[in-house]
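The structure under discussion appears below in the form of structure tokens.
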Amino acid sequence: MANNVIHWDTVEQISKNRGVVLAVENAHARRQHSKPDTTTLMVMMFSESHSREAHNCIESMKRVMGGVSNMPLVVFALDVNVFKAMGAEHVSCVDMRELMFEGGGQTTGTQNDGSHYGSDGFKNLMRWKTACVASVCNMGHNVLWIDTDIVFIKNPLDSLAMDVGNGSHVAAQRDGDGKRFWTPGHTVDNVCMGFSWFRHCPLVVKLFQEMVEAGASVDGAKETLESVKRHDMGCVRGDVSGFFAGD
């Protein structure tokens with residue numbers, strides 16, 4: 001995977017892609033069975049190298065939500081094997097290869113590189129992760145992003161509804177808890193977007209646009225976090241003034 005520079009027009013193109021539209025419509029139809037939050041679509045993106053971890057996540061999701069028919073889930077597949085596997089599981093899925101590459105390129109080598117935090121492959125994956133979430137939000141849906149290492153012990157939509165009912169725009173998990181995190185010298189909390197919820201509204205769409213344009217650079221991440229502070233978005237548990245943006 002080359003160093004892809006993703007701009008907002010890429011997000012708009014993804015949101016209009018036929019495969020994405022069909023997958024989102026299929027997941028949208030299932031959300032009628034999800035309660036009490038009937039406006040949120042769950043989104044994942046992974047390759048075969050993370051398929052066992054993702055399978056564990058999705059199996060736990062099935063158990064707490066009563067099966068695939070109750071899961072408003074869309075998976076963005078980074079390779080053909082994931083796309084086929086999700087189809088066999090009747091999970092709404094998008095073949096990312098037609099969006100990311102010309103001529104159906106391969107992702108295997110880069111996915112291995114993407115497993116290492118801070119690598120070029122990782123940064124590329126963060127760009128595409130942001131673009132996937134932004135595209136679904138841009139289509140008019142609230143989005144719950146789920147990393148493959150998440151395991152559910154209760155229905156995430158039921159639990160989430162209790163937190164976002166206060167009108168928050170963004171909800172994310174909290175890492176660090178005031179302790180020294182992975183970056184030397186940082187003793188502040190960390191905003192970890194591996195499990196995060198975004199409300200569809202003009203403010204969040206604008207934030208996504210800024211995030212996409214900022215790319216995956218350190219300076220861009222800092223500017224984006226400052227943008228969150230400036231927008232003064234409602235946060236579930238406190239403000240983000242002392243938070244460090246990990247990914």
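Here, A, B, ... name the chains of the structure tokens in the order displayed, residue numbers run from 1 inside each chain, and ligands are numbered from 1 in the same displayed order.
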Just list the residues in range 7-113 of chain A DSSP gives strand (DSSP E) on the backbone, as a PyMOL selection string. chain A and resi 40-46+73-77+92-95
Export of the given selection (all heavy atoms) as a compact mmCIF listing (two decimals), in the first residue's frame:
# COMPACT_ATOMS: atom_id res chain seq x y z
N THR A 40 -27.52 4.14 15.19
CA THR A 40 -26.09 3.89 15.13
C THR A 40 -25.75 2.65 14.31
O THR A 40 -26.34 1.59 14.49
CB THR A 40 -25.51 3.72 16.56
OG1 THR A 40 -25.66 4.95 17.26
CG2 THR A 40 -24.04 3.35 16.52
N LEU A 41 -24.77 2.80 13.41
CA LEU A 41 -24.21 1.67 12.69
C LEU A 41 -22.83 1.38 13.25
O LEU A 41 -22.05 2.29 13.52
CB LEU A 41 -24.11 1.97 11.18
CG LEU A 41 -25.41 2.21 10.43
CD1 LEU A 41 -25.13 2.34 8.93
CD2 LEU A 41 -26.41 1.09 10.67
N MET A 42 -22.52 0.10 13.42
CA MET A 42 -21.21 -0.31 13.92
C MET A 42 -20.29 -0.57 12.74
O MET A 42 -20.70 -1.18 11.74
CB MET A 42 -21.36 -1.56 14.78
CG MET A 42 -22.30 -1.37 15.96
SD MET A 42 -22.40 -2.80 17.07
CE MET A 42 -23.16 -4.02 15.99
N VAL A 43 -19.06 -0.11 12.83
CA VAL A 43 -18.12 -0.19 11.71
C VAL A 43 -16.80 -0.80 12.16
O VAL A 43 -16.26 -0.44 13.21
CB VAL A 43 -17.85 1.22 11.11
CG1 VAL A 43 -16.80 1.14 10.00
CG2 VAL A 43 -19.14 1.81 10.56
N MET A 44 -16.30 -1.76 11.36
CA MET A 44 -14.98 -2.35 11.58
C MET A 44 -14.20 -2.35 10.27
O MET A 44 -14.80 -2.29 9.19
CB MET A 44 -15.10 -3.79 12.10
CG MET A 44 -15.82 -3.94 13.44
SD MET A 44 -15.94 -5.68 13.99
CE MET A 44 -14.21 -6.03 14.40
N MET A 45 -12.88 -2.44 10.36
CA MET A 45 -12.02 -2.56 9.19
C MET A 45 -10.83 -3.43 9.57
O MET A 45 -10.16 -3.17 10.57
CB MET A 45 -11.52 -1.18 8.73
CG MET A 45 -10.68 -1.22 7.46
SD MET A 45 -9.89 0.38 7.08
CE MET A 45 -8.45 0.28 8.17
N PHE A 46 -10.58 -4.51 8.81
CA PHE A 46 -9.45 -5.37 9.14
C PHE A 46 -9.05 -6.24 7.96
O PHE A 46 -9.78 -6.36 6.96
CB PHE A 46 -9.75 -6.24 10.36
CG PHE A 46 -10.98 -7.11 10.25
CD1 PHE A 46 -10.89 -8.41 9.76
CD2 PHE A 46 -12.22 -6.64 10.64
CE1 PHE A 46 -12.02 -9.21 9.67
CE2 PHE A 46 -13.35 -7.43 10.57
CZ PHE A 46 -13.25 -8.73 10.07
N LEU A 73 -23.96 -4.02 11.66
CA LEU A 73 -22.50 -3.99 11.49
C LEU A 73 -22.11 -3.91 10.02
O LEU A 73 -22.66 -4.62 9.19
CB LEU A 73 -21.89 -5.24 12.13
CG LEU A 73 -20.39 -5.49 11.91
CD1 LEU A 73 -19.56 -4.41 12.60
CD2 LEU A 73 -20.01 -6.88 12.43
N VAL A 74 -21.13 -3.05 9.74
CA VAL A 74 -20.53 -2.96 8.40
C VAL A 74 -19.03 -3.20 8.56
O VAL A 74 -18.36 -2.52 9.34
CB VAL A 74 -20.75 -1.59 7.75
CG1 VAL A 74 -20.10 -1.57 6.36
CG2 VAL A 74 -22.23 -1.27 7.65
N VAL A 75 -18.50 -4.19 7.82
CA VAL A 75 -17.06 -4.47 7.84
C VAL A 75 -16.44 -4.00 6.54
O VAL A 75 -16.92 -4.32 5.46
CB VAL A 75 -16.80 -5.98 8.02
CG1 VAL A 75 -15.32 -6.29 7.81
CG2 VAL A 75 -17.23 -6.43 9.42
N PHE A 76 -15.38 -3.21 6.64
CA PHE A 76 -14.59 -2.81 5.48
C PHE A 76 -13.42 -3.81 5.40
O PHE A 76 -12.52 -3.78 6.23
CB PHE A 76 -14.08 -1.38 5.63
CG PHE A 76 -15.15 -0.35 5.43
CD1 PHE A 76 -16.04 -0.04 6.45
CD2 PHE A 76 -15.28 0.31 4.22
CE1 PHE A 76 -17.03 0.92 6.28
CE2 PHE A 76 -16.27 1.26 4.02
CZ PHE A 76 -17.15 1.57 5.05
N ALA A 77 -13.47 -4.69 4.40
CA ALA A 77 -12.49 -5.77 4.28
C ALA A 77 -11.27 -5.30 3.48
O ALA A 77 -11.41 -4.81 2.36
CB ALA A 77 -13.12 -6.97 3.58
N SER A 92 -22.67 -7.63 6.68
CA SER A 92 -22.55 -6.61 5.63
C SER A 92 -21.09 -6.22 5.47
O SER A 92 -20.43 -5.87 6.45
CB SER A 92 -23.38 -5.37 6.00
OG SER A 92 -24.74 -5.70 6.15
N CYS A 93 -20.58 -6.29 4.23
CA CYS A 93 -19.15 -6.11 4.03
C CYS A 93 -18.86 -5.31 2.77
O CYS A 93 -19.58 -5.40 1.77
CB CYS A 93 -18.47 -7.48 3.95
SG CYS A 93 -16.67 -7.41 4.04
N VAL A 94 -17.78 -4.53 2.83
CA VAL A 94 -17.31 -3.72 1.71
C VAL A 94 -15.93 -4.21 1.30
O VAL A 94 -15.06 -4.41 2.16
CB VAL A 94 -17.24 -2.23 2.10
CG1 VAL A 94 -16.64 -1.40 0.96
CG2 VAL A 94 -18.60 -1.71 2.50
N ASP A 95 -15.71 -4.42 0.01
CA ASP A 95 -14.40 -4.80 -0.50
C ASP A 95 -13.57 -3.54 -0.68
O ASP A 95 -13.75 -2.79 -1.63
CB ASP A 95 -14.56 -5.54 -1.82
CG ASP A 95 -13.25 -6.14 -2.32
OD1 ASP A 95 -12.18 -5.79 -1.76
OD2 ASP A 95 -13.28 -6.95 -3.27
Between A:Thr39, A:Ser135, A:Ser49, A:Ala85, which residue has the minimum interatomic distance to Lys16 in chain A, considering only C-alpha atoms?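 Using only C-alpha atoms, Lys16 in chain A sits closest to A:Ser135.
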